[in-house]
file input.pdb (PDB, C-alpha atoms, pLDDT in the B column)
MODEL        1
ATOM      1  CA  MET A   1     -80.625 -84.577   9.364  1.00 77.00           C
ATOM      2  CA  LYS A   2     -78.803 -87.519  10.926  1.00 88.00           C
ATOM      3  CA  HIS A   3     -75.071 -87.093  11.394  1.00 88.00           C
ATOM      4  CA  LYS A   4     -74.282 -89.780   8.817  1.00 93.00           C
ATOM      5  CA  ASP A   5     -76.310 -87.982   6.148  1.00 94.00           C
ATOM      6  CA  HIS A   6     -73.824 -85.123   6.041  1.00 94.00           C
ATOM      7  CA  TYR A   7     -71.426 -87.524   4.334  1.00 97.00           C
ATOM      8  CA  ASN A   8     -73.146 -88.012   0.967  1.00 97.00           C
ATOM      9  CA  ASP A   9     -72.122 -87.790  -2.693  1.00 98.00           C
ATOM     10  CA  ASP A  10     -72.210 -83.978  -2.739  1.00 98.00           C
ATOM     11  CA  TYR A  11     -69.962 -83.915   0.307  1.00 97.00           C
ATOM     12  CA  ILE A  12     -67.472 -86.290  -1.325  1.00 98.00           C
ATOM     13  CA  PHE A  13     -67.144 -84.090  -4.385  1.00 98.00           C
ATOM     14  CA  SER A  14     -66.808 -80.956  -2.237  1.00 98.00           C
ATOM     15  CA  LEU A  15     -64.150 -82.566  -0.022  1.00 98.00           C
ATOM     16  CA  SER A  16     -62.222 -83.774  -3.057  1.00 98.00           C
ATOM     17  CA  GLN A  17     -62.046 -80.214  -4.379  1.00 98.00           C
ATOM     18  CA  LYS A  18     -60.969 -78.843  -1.001  1.00 98.00           C
ATOM     19  CA  ILE A  19     -58.147 -81.377  -0.691  1.00 98.00           C
ATOM     20  CA  LEU A  20     -57.080 -80.860  -4.321  1.00 98.00           C
ATOM     21  CA  SER A  21     -56.852 -77.111  -3.724  1.00 98.00           C
ATOM     22  CA  VAL A  22     -54.074 -77.619  -1.153  1.00 98.00           C
ATOM     23  CA  MET A  23     -52.589 -80.916  -2.437  1.00 98.00           C
ATOM     24  CA  PRO A  24     -51.970 -80.840  -6.217  1.00 97.00           C
ATOM     25  CA  ASP A  25     -50.927 -84.517  -6.334  1.00 97.00           C
ATOM     26  CA  PHE A  26     -54.179 -85.665  -4.718  1.00 98.00           C
ATOM     27  CA  ASP A  27     -55.936 -88.164  -7.026  1.00 98.00           C
ATOM     28  CA  GLU A  28     -59.446 -86.750  -6.768  1.00 98.00           C
ATOM     29  CA  LYS A  29     -60.787 -88.996  -9.563  1.00 98.00           C
ATOM     30  CA  THR A  30     -59.846 -92.178  -7.712  1.00 98.00           C
ATOM     31  CA  PHE A  31     -61.164 -90.676  -4.474  1.00 98.00           C
ATOM     32  CA  CYS A  32     -64.565 -89.778  -5.921  1.00 98.00           C
ATOM     33  CA  HIS A  33     -64.896 -92.980  -7.950  1.00 98.00           C
ATOM     34  CA  SER A  34     -64.337 -95.157  -4.878  1.00 98.00           C
ATOM     35  CA  LEU A  35     -66.948 -93.300  -2.794  1.00 98.00           C
ATOM     36  CA  ILE A  36     -69.733 -91.751  -4.857  1.00 98.00           C
ATOM     37  CA  GLY A  37     -72.810 -93.956  -4.810  1.00 97.00           C
ATOM     38  CA  ARG A  38     -71.317 -96.254  -2.178  1.00 97.00           C
ATOM     39  CA  LEU A  39     -72.125 -94.572   1.135  1.00 97.00           C
ATOM     40  CA  ASP A  40     -75.927 -94.699   1.407  1.00 96.00           C
ATOM     41  CA  ASP A  41     -76.078 -98.146   3.024  1.00 96.00           C
ATOM     42  CA  LYS A  42     -73.441 -97.356   5.655  1.00 97.00           C
ATOM     43  CA  GLU A  43     -73.761 -95.978   9.173  1.00 97.00           C
ATOM     44  CA  LEU A  44     -71.761 -92.973  10.413  1.00 95.00           C
ATOM     45  CA  TYR A  45     -68.466 -94.553  11.409  1.00 95.00           C
ATOM     46  CA  ALA A  46     -68.492 -96.915   8.460  1.00 97.00           C
ATOM     47  CA  ARG A  47     -68.848 -93.886   6.188  1.00 98.00           C
ATOM     48  CA  LEU A  48     -66.022 -92.052   7.936  1.00 97.00           C
ATOM     49  CA  ASP A  49     -63.712 -95.052   7.666  1.00 97.00           C
ATOM     50  CA  PHE A  50     -64.654 -95.617   4.040  1.00 98.00           C
ATOM     51  CA  ILE A  51     -63.740 -91.984   3.344  1.00 98.00           C
ATOM     52  CA  VAL A  52     -60.438 -92.292   5.215  1.00 98.00           C
ATOM     53  CA  ASP A  53     -59.584 -95.459   3.280  1.00 98.00           C
ATOM     54  CA  ALA A  54     -60.163 -93.542   0.058  1.00 98.00           C
ATOM     55  CA  MET A  55     -58.080 -90.609   1.310  1.00 98.00           C
ATOM     56  CA  GLN A  56     -55.224 -92.954   2.121  1.00 98.00           C
ATOM     57  CA  GLU A  57     -55.371 -94.493  -1.359  1.00 98.00           C
ATOM     58  CA  SER A  58     -55.572 -91.117  -3.122  1.00 98.00           C
ATOM     59  CA  MET A  59     -52.870 -89.164  -1.279  1.00 98.00           C
ATOM     60  CA  PRO A  60     -49.083 -89.545  -1.095  1.00 97.00           C
ATOM     61  CA  GLU A  61     -47.904 -92.110   1.477  1.00 96.00           C
ATOM     62  CA  ASP A  62     -45.987 -89.583   3.592  1.00 98.00           C
ATOM     63  CA  TYR A  63     -48.254 -88.948   6.602  1.00 98.00           C
ATOM     64  CA  SER A  64     -46.190 -86.060   7.930  1.00 98.00           C
ATOM     65  CA  LYS A  65     -46.205 -84.296   4.580  1.00 98.00           C
ATOM     66  CA  ASN A  66     -49.961 -84.772   4.272  1.00 98.00           C
ATOM     67  CA  ILE A  67     -50.622 -83.311   7.704  1.00 98.00           C
ATOM     68  CA  GLN A  68     -48.389 -80.324   7.009  1.00 98.00           C
ATOM     69  CA  ILE A  69     -50.526 -79.676   3.918  1.00 98.00           C
ATOM     70  CA  PHE A  70     -53.758 -80.196   5.871  1.00 98.00           C
ATOM     71  CA  PHE A  71     -52.950 -77.174   8.033  1.00 98.00           C
ATOM     72  CA  ASN A  72     -53.916 -75.183   4.916  1.00 98.00           C
ATOM     73  CA  LEU A  73     -57.232 -77.018   4.596  1.00 97.00           C
ATOM     74  CA  LEU A  74     -58.758 -75.965   7.897  1.00 96.00           C
ATOM     75  CA  GLY A  75     -60.222 -72.560   7.142  1.00 93.00           C
ATOM     76  CA  PRO A  76     -61.227 -69.870   9.668  1.00 92.00           C
ATOM     77  CA  GLU A  77     -61.525 -70.538  13.382  1.00 92.00           C
ATOM     78  CA  LEU A  78     -64.926 -70.749  15.056  1.00 88.00           C
ATOM     79  CA  LYS A  79     -65.670 -67.455  16.740  1.00 83.00           C
ATOM     80  CA  GLN A  80     -67.453 -68.887  19.788  1.00 77.00           C
ATOM     81  CA  SER A  81     -68.232 -72.096  21.620  1.00 78.00           C
ATOM     82  CA  GLN A  82     -70.017 -74.393  19.207  1.00 66.00           C
ATOM     83  CA  GLY A  83     -71.292 -77.938  19.046  1.00 61.00           C
ATOM     84  CA  MET A  84     -69.535 -80.361  16.732  1.00 61.00           C
ATOM     85  CA  PHE A  85     -72.028 -80.138  13.873  1.00 61.00           C
ATOM     86  CA  ASN A  86     -72.673 -76.414  13.676  1.00 70.00           C
ATOM     87  CA  PHE A  87     -69.991 -75.650  11.114  1.00 77.00           C
ATOM     88  CA  GLY A  88     -66.984 -77.939  11.232  1.00 88.00           C
ATOM     89  CA  TRP A  89     -68.560 -81.347  10.646  1.00 92.00           C
ATOM     90  CA  TRP A  90     -67.006 -81.532   7.161  1.00 95.00           C
ATOM     91  CA  LEU A  91     -63.613 -81.954   8.847  1.00 96.00           C
ATOM     92  CA  TRP A  92     -64.490 -85.161  10.702  1.00 96.00           C
ATOM     93  CA  PRO A  93     -62.841 -87.478   8.126  1.00 98.00           C
ATOM     94  CA  VAL A  94     -59.662 -85.407   8.464  1.00 98.00           C
ATOM     95  CA  GLY A  95     -59.788 -85.923  12.234  1.00 98.00           C
ATOM     96  CA  ARG A  96     -60.486 -89.618  11.646  1.00 98.00           C
ATOM     97  CA  TYR A  97     -57.393 -89.797   9.412  1.00 98.00           C
ATOM     98  CA  VAL A  98     -55.306 -88.415  12.289  1.00 98.00           C
ATOM     99  CA  GLU A  99     -57.014 -90.777  14.728  1.00 98.00           C
ATOM    100  CA  ARG A 100     -55.931 -93.763  12.630  1.00 98.00           C
ATOM    101  CA  TYR A 101     -52.433 -92.710  11.583  1.00 98.00           C
ATOM    102  CA  GLY A 102     -51.451 -89.938  13.995  1.00 98.00           C
ATOM    103  CA  ASN A 103     -48.814 -91.898  15.889  1.00 98.00           C
ATOM    104  CA  GLU A 104     -46.678 -91.986  12.741  1.00 98.00           C
ATOM    105  CA  ASN A 105     -45.679 -88.497  13.871  1.00 98.00           C
ATOM    106  CA  TRP A 106     -47.416 -87.847  17.175  1.00 98.00           C
ATOM    107  CA  ILE A 107     -45.757 -84.484  17.825  1.00 98.00           C
ATOM    108  CA  LEU A 108     -46.911 -83.074  14.498  1.00 98.00           C
ATOM    109  CA  SER A 109     -50.329 -84.684  14.983  1.00 98.00           C
ATOM    110  CA  LEU A 110     -50.723 -83.010  18.364  1.00 98.00           C
ATOM    111  CA  SER A 111     -49.831 -79.650  16.855  1.00 98.00           C
ATOM    112  CA  PHE A 112     -52.384 -80.223  14.100  1.00 98.00           C
ATOM    113  CA  LEU A 113     -55.124 -81.196  16.544  1.00 98.00           C
ATOM    114  CA  LYS A 114     -54.608 -77.958  18.426  1.00 98.00           C
ATOM    115  CA  GLU A 115     -55.617 -76.182  15.222  1.00 98.00           C
ATOM    116  CA  LEU A 116     -58.304 -78.674  14.188  1.00 97.00           C
ATOM    117  CA  THR A 117     -60.157 -78.291  17.478  1.00 96.00           C
ATOM    118  CA  LYS A 118     -60.588 -74.578  16.788  1.00 95.00           C
ATOM    119  CA  ARG A 119     -62.767 -75.578  13.815  1.00 94.00           C
ATOM    120  CA  PHE A 120     -64.262 -78.964  14.731  1.00 93.00           C
ATOM    121  CA  THR A 121     -63.011 -81.295  17.455  1.00 92.00           C
ATOM    122  CA  GLY A 122     -59.892 -83.276  18.222  1.00 95.00           C
ATOM    123  CA  GLU A 123     -61.277 -85.256  21.139  1.00 96.00           C
ATOM    124  CA  TYR A 124     -61.328 -88.586  19.295  1.00 97.00           C
ATOM    125  CA  ALA A 125     -58.097 -88.184  17.340  1.00 98.00           C
ATOM    126  CA  ILE A 126     -56.084 -87.294  20.432  1.00 98.00           C
ATOM    127  CA  ARG A 127     -56.894 -90.517  22.289  1.00 98.00           C
ATOM    128  CA  PRO A 128     -54.519 -92.835  20.370  1.00 98.00           C
ATOM    129  CA  LEU A 129     -51.761 -90.279  21.016  1.00 98.00           C
ATOM    130  CA  LEU A 130     -52.560 -90.376  24.725  1.00 98.00           C
ATOM    131  CA  GLU A 131     -52.463 -94.166  24.715  1.00 98.00           C
ATOM    132  CA  LYS A 132     -48.988 -94.320  23.151  1.00 98.00           C
ATOM    133  CA  HIS A 133     -47.401 -91.220  24.721  1.00 98.00           C
ATOM    134  CA  PRO A 134     -49.427 -90.450  27.876  1.00 98.00           C
ATOM    135  CA  LYS A 135     -46.882 -88.411  29.818  1.00 98.00           C
ATOM    136  CA  GLU A 136     -45.730 -86.277  26.905  1.00 98.00           C
ATOM    137  CA  VAL A 137     -49.209 -85.600  25.548  1.00 98.00           C
ATOM    138  CA  MET A 138     -50.647 -84.780  28.976  1.00 98.00           C
ATOM    139  CA  ASP A 139     -47.763 -82.398  29.639  1.00 98.00           C
ATOM    140  CA  GLU A 140     -48.805 -80.573  26.468  1.00 98.00           C
ATOM    141  CA  LEU A 141     -52.463 -80.633  27.504  1.00 98.00           C
ATOM    142  CA  ILE A 142     -51.506 -79.002  30.790  1.00 98.00           C
ATOM    143  CA  LYS A 143     -50.144 -76.097  28.728  1.00 98.00           C
ATOM    144  CA  TRP A 144     -53.362 -76.014  26.711  1.00 98.00           C
ATOM    145  CA  THR A 145     -55.436 -75.464  29.867  1.00 98.00           C
ATOM    146  CA  THR A 146     -54.230 -71.853  29.901  1.00 98.00           C
ATOM    147  CA  ASP A 147     -54.725 -71.223  26.181  1.00 98.00           C
ATOM    148  CA  LYS A 148     -56.851 -68.204  25.243  1.00 97.00           C
ATOM    149  CA  ASN A 149     -58.920 -70.308  22.834  1.00 95.00           C
ATOM    150  CA  VAL A 150     -61.907 -71.989  24.509  1.00 96.00           C
ATOM    151  CA  HIS A 151     -61.809 -74.957  22.132  1.00 95.00           C
ATOM    152  CA  VAL A 152     -58.172 -75.707  22.987  1.00 97.00           C
ATOM    153  CA  ARG A 153     -58.939 -75.546  26.717  1.00 97.00           C
ATOM    154  CA  ARG A 154     -61.939 -77.823  26.246  1.00 97.00           C
ATOM    155  CA  LEU A 155     -59.889 -80.383  24.310  1.00 97.00           C
ATOM    156  CA  ALA A 156     -57.382 -80.502  27.163  1.00 98.00           C
ATOM    157  CA  SER A 157     -60.237 -81.788  29.305  1.00 98.00           C
ATOM    158  CA  GLU A 158     -62.469 -83.658  26.859  1.00 97.00           C
ATOM    159  CA  GLY A 159     -59.656 -85.704  25.344  1.00 97.00           C
ATOM    160  CA  VAL A 160     -58.722 -87.329  28.665  1.00 98.00           C
ATOM    161  CA  ARG A 161     -62.255 -88.375  29.631  1.00 98.00           C
ATOM    162  CA  ILE A 162     -62.448 -92.018  30.642  1.00 98.00           C
ATOM    163  CA  ARG A 163     -65.843 -92.632  29.028  1.00 98.00           C
ATOM    164  CA  LEU A 164     -66.016 -90.251  26.098  1.00 96.00           C
ATOM    165  CA  PRO A 165     -69.207 -90.984  24.126  1.00 94.00           C
ATOM    166  CA  TRP A 166     -68.658 -92.777  20.788  1.00 91.00           C
ATOM    167  CA  SER A 167     -65.161 -93.782  21.892  1.00 94.00           C
ATOM    168  CA  GLN A 168     -63.452 -96.665  23.640  1.00 95.00           C
ATOM    169  CA  LYS A 169     -62.722 -96.339  27.343  1.00 97.00           C
ATOM    170  CA  LEU A 170     -59.387 -94.622  28.056  1.00 98.00           C
ATOM    171  CA  LEU A 171     -57.739 -95.046  31.468  1.00 98.00           C
ATOM    172  CA  VAL A 172     -54.919 -92.524  31.121  1.00 98.00           C
ATOM    173  CA  ALA A 173     -56.684 -90.452  33.809  1.00 98.00           C
ATOM    174  CA  LEU A 174     -55.939 -93.226  36.303  1.00 98.00           C
ATOM    175  CA  ASP A 175     -52.481 -94.131  34.989  1.00 98.00           C
ATOM    176  CA  GLU A 176     -51.332 -90.505  35.006  1.00 98.00           C
ATOM    177  CA  PHE A 177     -53.504 -89.285  37.830  1.00 98.00           C
ATOM    178  CA  GLU A 178     -51.185 -86.498  38.968  1.00 98.00           C
ATOM    179  CA  ARG A 179     -51.108 -84.942  35.504  1.00 98.00           C
ATOM    180  CA  TYR A 180     -54.838 -85.528  35.093  1.00 98.00           C
ATOM    181  CA  THR A 181     -55.506 -83.717  38.362  1.00 98.00           C
ATOM    182  CA  VAL A 182     -53.464 -80.730  37.189  1.00 98.00           C
ATOM    183  CA  ILE A 183     -55.508 -80.538  33.968  1.00 98.00           C
ATOM    184  CA  LEU A 184     -58.847 -80.495  35.787  1.00 98.00           C
ATOM    185  CA  THR A 185     -57.604 -78.190  38.525  1.00 98.00           C
ATOM    186  CA  ASN A 186     -56.326 -75.644  35.997  1.00 98.00           C
ATOM    187  CA  LEU A 187     -59.805 -75.585  34.449  1.00 98.00           C
ATOM    188  CA  LYS A 188     -61.976 -75.679  37.577  1.00 98.00           C
ATOM    189  CA  ASP A 189     -62.649 -71.921  37.473  1.00 98.00           C
ATOM    190  CA  ASP A 190     -62.971 -71.559  33.696  1.00 98.00           C
ATOM    191  CA  SER A 191     -65.568 -68.949  32.780  1.00 96.00           C
ATOM    192  CA  GLU A 192     -66.866 -70.852  29.720  1.00 96.00           C
ATOM    193  CA  LYS A 193     -69.744 -73.294  30.299  1.00 96.00           C
ATOM    194  CA  PHE A 194     -68.404 -75.269  27.303  1.00 94.00           C
ATOM    195  CA  VAL A 195     -65.291 -76.071  29.368  1.00 97.00           C
ATOM    196  CA  GLN A 196     -67.081 -76.406  32.705  1.00 98.00           C
ATOM    197  CA  LYS A 197     -69.336 -79.121  31.295  1.00 97.00           C
ATOM    198  CA  SER A 198     -66.334 -81.094  30.064  1.00 97.00           C
ATOM    199  CA  VAL A 199     -64.594 -80.909  33.449  1.00 98.00           C
ATOM    200  CA  GLY A 200     -67.811 -81.950  35.201  1.00 98.00           C
ATOM    201  CA  ASN A 201     -68.190 -84.872  32.808  1.00 98.00           C
ATOM    202  CA  ASN A 202     -64.622 -85.886  33.598  1.00 98.00           C
ATOM    203  CA  LEU A 203     -65.485 -86.060  37.287  1.00 98.00           C
ATOM    204  CA  ASN A 204     -68.655 -87.974  36.507  1.00 98.00           C
ATOM    205  CA  ASP A 205     -66.660 -90.515  34.490  1.00 98.00           C
ATOM    206  CA  LEU A 206     -64.087 -90.755  37.285  1.00 98.00           C
ATOM    207  CA  TYR A 207     -66.780 -91.446  39.880  1.00 98.00           C
ATOM    208  CA  LYS A 208     -67.799 -94.505  37.839  1.00 97.00           C
ATOM    209  CA  GLU A 209     -64.239 -95.891  37.796  1.00 97.00           C
ATOM    210  CA  ALA A 210     -62.514 -94.645  40.937  1.00 98.00           C
ATOM    211  CA  PRO A 211     -64.834 -92.601  43.174  1.00 98.00           C
ATOM    212  CA  GLU A 212     -62.165 -92.125  45.829  1.00 98.00           C
ATOM    213  CA  LYS A 213     -59.998 -90.324  43.254  1.00 98.00           C
ATOM    214  CA  ALA A 214     -62.869 -88.029  42.277  1.00 98.00           C
ATOM    215  CA  ASP A 215     -63.488 -87.243  45.955  1.00 98.00           C
ATOM    216  CA  PHE A 216     -59.768 -86.534  46.387  1.00 98.00           C
ATOM    217  CA  ILE A 217     -59.728 -83.974  43.559  1.00 98.00           C
ATOM    218  CA  ILE A 218     -62.783 -82.183  44.926  1.00 98.00           C
ATOM    219  CA  SER A 219     -61.384 -82.205  48.478  1.00 98.00           C
ATOM    220  CA  GLN A 220     -58.232 -80.511  47.201  1.00 98.00           C
ATOM    221  CA  TRP A 221     -60.280 -77.856  45.426  1.00 98.00           C
ATOM    222  CA  LYS A 222     -62.288 -77.122  48.562  1.00 95.00           C
ATOM    223  CA  LYS A 223     -59.154 -76.092  50.420  1.00 95.00           C
ATOM    224  CA  THR A 224     -59.357 -72.773  48.595  1.00 92.00           C
ATOM    225  CA  GLU A 225     -62.209 -70.391  47.915  1.00 91.00           C
ATOM    226  CA  GLN A 226     -64.791 -71.803  45.505  1.00 92.00           C
ATOM    227  CA  SER A 227     -65.942 -69.947  42.414  1.00 97.00           C
ATOM    228  CA  LYS A 228     -69.424 -70.301  40.918  1.00 97.00           C
ATOM    229  CA  ALA A 229     -67.844 -72.189  38.021  1.00 98.00           C
ATOM    230  CA  GLN A 230     -66.247 -74.664  40.396  1.00 98.00           C
ATOM    231  CA  GLU A 231     -69.482 -75.177  42.309  1.00 97.00           C
ATOM    232  CA  TRP A 232     -71.307 -75.913  39.067  1.00 98.00           C
ATOM    233  CA  ILE A 233     -68.591 -78.336  37.923  1.00 98.00           C
ATOM    234  CA  ILE A 234     -68.725 -80.280  41.199  1.00 98.00           C
ATOM    235  CA  LYS A 235     -72.502 -80.482  41.077  1.00 97.00           C
ATOM    236  CA  HIS A 236     -72.375 -81.661  37.478  1.00 97.00           C
ATOM    237  CA  GLY A 237     -69.667 -84.179  38.302  1.00 98.00           C
ATOM    238  CA  ARG A 238     -71.661 -85.600  41.213  1.00 97.00           C
ATOM    239  CA  ARG A 239     -75.001 -85.680  39.423  1.00 94.00           C
ATOM    240  CA  ASN A 240     -75.253 -89.480  39.566  1.00 90.00           C
ATOM    241  CA  GLN A 241     -74.077 -89.804  43.156  1.00 89.00           C
ATOM    242  CA  LYS A 242     -76.651 -90.652  45.823  1.00 72.00           C
TER
ENDMDL
END
call {"tool": "encode", "arguments": {"input": "input.pdb", "output": "C-alpha cells"}}
result
Amino acid sequence: MKHKDHYNDDYIFSLSQKILSVMPDFDEKTFCHSLIGRLDDKELYARLDFIVDAMQESMPEDYSKNIQIFFNLLGPELKQSQGMFNFGWWLWPVGRYVERYGNENWILSLSFLKELTKRFTGEYAIRPLLEKHPKEVMDELIKWTTDKNVHVRRLASEGVRIRLPWSQKLLVALDEFERYTVILTNLKDDSEKFVQKSVGNNLNDLYKEAPEKADFIISQWKKTEQSKAQEWIIKHGRRNQK
C-alpha cells in the first residue's frame, strides 16, 4: 500500500469518530461531507492538507483549546522503536495541523509534539517552531536528549536535520550551532540504533552544507573515549565522504 492510500474514505469516517469522541462540538458531518469521495485523485501531501483544511473548518477556532483536547486523542504509546507507518500513521493529519498552526501557541505545541512523537512522529511539525523560536525550542530539545523515551530522544535529533526528507531545508543547525552541537553530543552514545541513525544523518546533512562544522563536532567527540555507538554514528555520518 502506498502511503497516500491510508487516507481514504474509511479513514475519514474513522478519524471523524475519533475526533468527535474527544471534541463534542466537532462538526463531523461537515468534515466527512467535504472529504469522502474527494481524495482519490490527490497525492499524499495534497490529501493531508485537504484533511487539515476540513479539520480547521469543522472544529472551534481556538487552536490552543483544540490542542489541549487532542492530547486525549493520541492513544497508547508505542512500546518500541518503530517506523512511521507501523501503527501511528493515522495521526499524520493531526501532526500536519500542528505544523501549519503550531506557532499560534508554540509552547503548547511543543508539549503536544513530545507526546505525539511517542505514537507517530513530530519531526515535520516541529520545524516551523524551530524557525520562529530557534533558541527556546532547541533549549527544550537539549532536555529531550536525556528523556527515557527513545522517540523523544530521536525527535530531538531528527527535528533539527538540515535536509530532512519530505521537508524544506532548515538551517537552524548552522544558526544555533552551539546548541545543535550539544544536542548531537548528548546523543552520540545512545544505545538505540533508531537514535544513532538520526544523529548520523544529521552529520551527513551537515557535511553537505558546512563540512568544517561536521569535522569540528567529530574532533570534539574524539577527545574522549569512543563508544561503539559513536563509531557507528561517525561512519554513518561520513558515508558520502571520499
call {"tool": "resolve_selection", "arguments": {"input": "input.pdb", "expression": "the PyMOL selection byres ((chain A and resi 219-228) around 12)", "output": "number ranges by chain"}}
result
A: 181-182, 184-193, 196, 212-218, 229-235
call {"tool": "atom_distance", "arguments": {"input": "input.pdb", "atom1": "atom CA of Gln17 of chain A", "atom2": "atom CA of Ser109 of chain A"}}
result
23.1 Å
call {"tool": "closest_residue", "arguments": {"input": "input.pdb", "among": "A:Lys197, A:His151, A:Arg96, A:Lys143", "to": "Arg239 of chain A", "atoms": "only C-alpha atoms"}}
result
A:Lys197
call {"tool": "resolve_selection", "arguments": {"input": "input.pdb", "expression": "the PyMOL selection byres ((chain A and resi 31-42) around 8)", "output": "number ranges by chain"}}
result
A: 7-9, 12-13, 16, 27-30, 43-44, 46-47, 50-51, 54-55, 57-58
call {"tool": "write_last_selection", "arguments": {"input": "input.pdb", "atoms": "C-alpha atoms", "output": "compact mmCIF listing (two decimals), in the frame of the given file"}}
result
# COMPACT_ATOMS: atom_id res chain seq x y z
CA TYR A 7 -71.43 -87.52 4.33
CA ASN A 8 -73.15 -88.01 0.97
CA ASP A 9 -72.12 -87.79 -2.69
CA ILE A 12 -67.47 -86.29 -1.32
CA PHE A 13 -67.14 -84.09 -4.38
CA SER A 16 -62.22 -83.77 -3.06
CA ASP A 27 -55.94 -88.16 -7.03
CA GLU A 28 -59.45 -86.75 -6.77
CA LYS A 29 -60.79 -89.00 -9.56
CA THR A 30 -59.85 -92.18 -7.71
CA GLU A 43 -73.76 -95.98 9.17
CA LEU A 44 -71.76 -92.97 10.41
CA ALA A 46 -68.49 -96.92 8.46
CA ARG A 47 -68.85 -93.89 6.19
CA PHE A 50 -64.65 -95.62 4.04
CA ILE A 51 -63.74 -91.98 3.34
CA ALA A 54 -60.16 -93.54 0.06
CA MET A 55 -58.08 -90.61 1.31
CA GLU A 57 -55.37 -94.49 -1.36
CA SER A 58 -55.57 -91.12 -3.12
call {"tool": "closest_residue", "arguments": {"input": "input.pdb", "among": "A:Leu203, A:Val150, A:Val94, A:Ala210", "to": "Tyr124 of chain A", "atoms": "all atoms listed in the file"}}
result
A:Val94
call {"tool": "atom_distance", "arguments": {"input": "input.pdb", "atom1": "atom CA of Glu176 of chain A", "atom2": "atom CA of Ile67 of chain A"}}
result
28.2 Å
call {"tool": "residues_around", "arguments": {"input": "input.pdb", "residues": "Leu73 of chain A", "least_positions_apart": "5", "cutoff": "8 Å", "atoms": "only C-alpha atoms", "output": "count of residues only"}}
result
3
call {"tool": "residues_around", "arguments": {"input": "input.pdb", "residues": "Gly159 of chain A", "least_positions_apart": "3", "cutoff": "9 Å", "atoms": "all atoms listed in the file", "output": "number ranges by chain"}}
result
A: 122-127, 130, 154-156, 162, 164
call {"tool": "atom_distance", "arguments": {"input": "input.pdb", "atom1": "atom CA of Lys169 of chain A", "atom2": "atom CA of Met1 of chain A"}}
result
28.0 Å
call {"tool": "resolve_selection", "arguments": {"input": "input.pdb", "expression": "the PyMOL selection byres ((chain A and resi 134-136) around 12)", "output": "ChimeraX atom specification"}}
result
/A:106-107,110,126-133,137-143,159-160,170-180
call {"tool": "closest_residue", "arguments": {"input": "input.pdb", "among": "A:Ile183, A:Leu91, A:Val199, A:Val152", "to": "Leu48 of chain A", "atoms": "all atoms listed in the file"}}
result
A:Leu91
call {"tool": "closest_residue", "arguments": {"input": "input.pdb", "among": "A:Arg119, A:Val52, A:Lys79, A:Asn72", "to": "Val98 of chain A", "atoms": "only C-alpha atoms"}}
result
A:Val52
call {"tool": "closest_residue", "arguments": {"input": "input.pdb", "among": "A:Met59, A:Leu116, A:Leu20, A:Leu206", "to": "Pro76 of chain A", "atoms": "all atoms listed in the file"}}
result
A:Leu116
call {"tool": "build_atoms", "arguments": {"input": "input.pdb", "residues": "segment 234-238 of chain A", "atoms": "all heavy atoms", "output": "PDB file, in the frame of the given file"}}
result
ATOM      1  N   ILE A 234     -68.609 -79.218  40.187  1.00 98.00           N
ATOM      2  CA  ILE A 234     -68.725 -80.280  41.199  1.00 98.00           C
ATOM      3  C   ILE A 234     -70.126 -80.868  41.196  1.00 98.00           C
ATOM      4  O   ILE A 234     -70.310 -82.098  41.241  1.00 98.00           O
ATOM      5  CB  ILE A 234     -68.341 -79.732  42.590  1.00 98.00           C
ATOM      6  CG1 ILE A 234     -66.835 -79.400  42.634  1.00 98.00           C
ATOM      7  CG2 ILE A 234     -68.695 -80.744  43.680  1.00 98.00           C
ATOM      8  CD1 ILE A 234     -66.405 -78.672  43.878  1.00 98.00           C
ATOM      9  N   LYS A 235     -71.115 -80.004  41.108  1.00 97.00           N
ATOM     10  CA  LYS A 235     -72.502 -80.482  41.077  1.00 97.00           C
ATOM     11  C   LYS A 235     -72.743 -81.350  39.846  1.00 97.00           C
ATOM     12  O   LYS A 235     -73.379 -82.411  39.922  1.00 97.00           O
ATOM     13  CB  LYS A 235     -73.465 -79.297  41.092  1.00 97.00           C
ATOM     14  CG  LYS A 235     -74.938 -79.695  41.142  1.00 97.00           C
ATOM     15  CD  LYS A 235     -75.835 -78.463  41.223  1.00 97.00           C
ATOM     16  CE  LYS A 235     -77.309 -78.869  41.267  1.00 97.00           C
ATOM     17  NZ  LYS A 235     -78.202 -77.671  41.336  1.00 97.00           N
ATOM     18  N   HIS A 236     -72.219 -80.901  38.723  1.00 97.00           N
ATOM     19  CA  HIS A 236     -72.375 -81.661  37.478  1.00 97.00           C
ATOM     20  C   HIS A 236     -71.624 -82.993  37.557  1.00 97.00           C
ATOM     21  O   HIS A 236     -72.114 -84.027  37.093  1.00 97.00           O
ATOM     22  CB  HIS A 236     -71.852 -80.829  36.300  1.00 97.00           C
ATOM     23  CG  HIS A 236     -72.217 -81.363  34.960  1.00 97.00           C
ATOM     24  ND1 HIS A 236     -73.523 -81.495  34.527  1.00 97.00           N
ATOM     25  CD2 HIS A 236     -71.435 -81.833  33.932  1.00 97.00           C
ATOM     26  CE1 HIS A 236     -73.533 -82.011  33.306  1.00 97.00           C
ATOM     27  NE2 HIS A 236     -72.285 -82.219  32.923  1.00 97.00           N
ATOM     28  N   GLY A 237     -70.455 -82.959  38.170  1.00 98.00           N
ATOM     29  CA  GLY A 237     -69.667 -84.179  38.302  1.00 98.00           C
ATOM     30  C   GLY A 237     -70.295 -85.201  39.233  1.00 98.00           C
ATOM     31  O   GLY A 237     -70.141 -86.412  39.045  1.00 98.00           O
ATOM     32  N   ARG A 238     -71.038 -84.715  40.218  1.00 97.00           N
ATOM     33  CA  ARG A 238     -71.661 -85.600  41.213  1.00 97.00           C
ATOM     34  C   ARG A 238     -73.119 -85.908  40.905  1.00 97.00           C
ATOM     35  O   ARG A 238     -73.822 -86.464  41.757  1.00 97.00           O
ATOM     36  CB  ARG A 238     -71.561 -84.949  42.598  1.00 97.00           C
ATOM     37  CG  ARG A 238     -70.182 -85.004  43.223  1.00 97.00           C
ATOM     38  CD  ARG A 238     -70.138 -84.291  44.547  1.00 97.00           C
ATOM     39  NE  ARG A 238     -68.967 -84.653  45.330  1.00 97.00           N
ATOM     40  CZ  ARG A 238     -68.550 -84.018  46.408  1.00 97.00           C
ATOM     41  NH1 ARG A 238     -69.241 -82.951  46.850  1.00 97.00           N
ATOM     42  NH2 ARG A 238     -67.478 -84.418  47.066  1.00 97.00           N
TER      43      ARG A 238
END
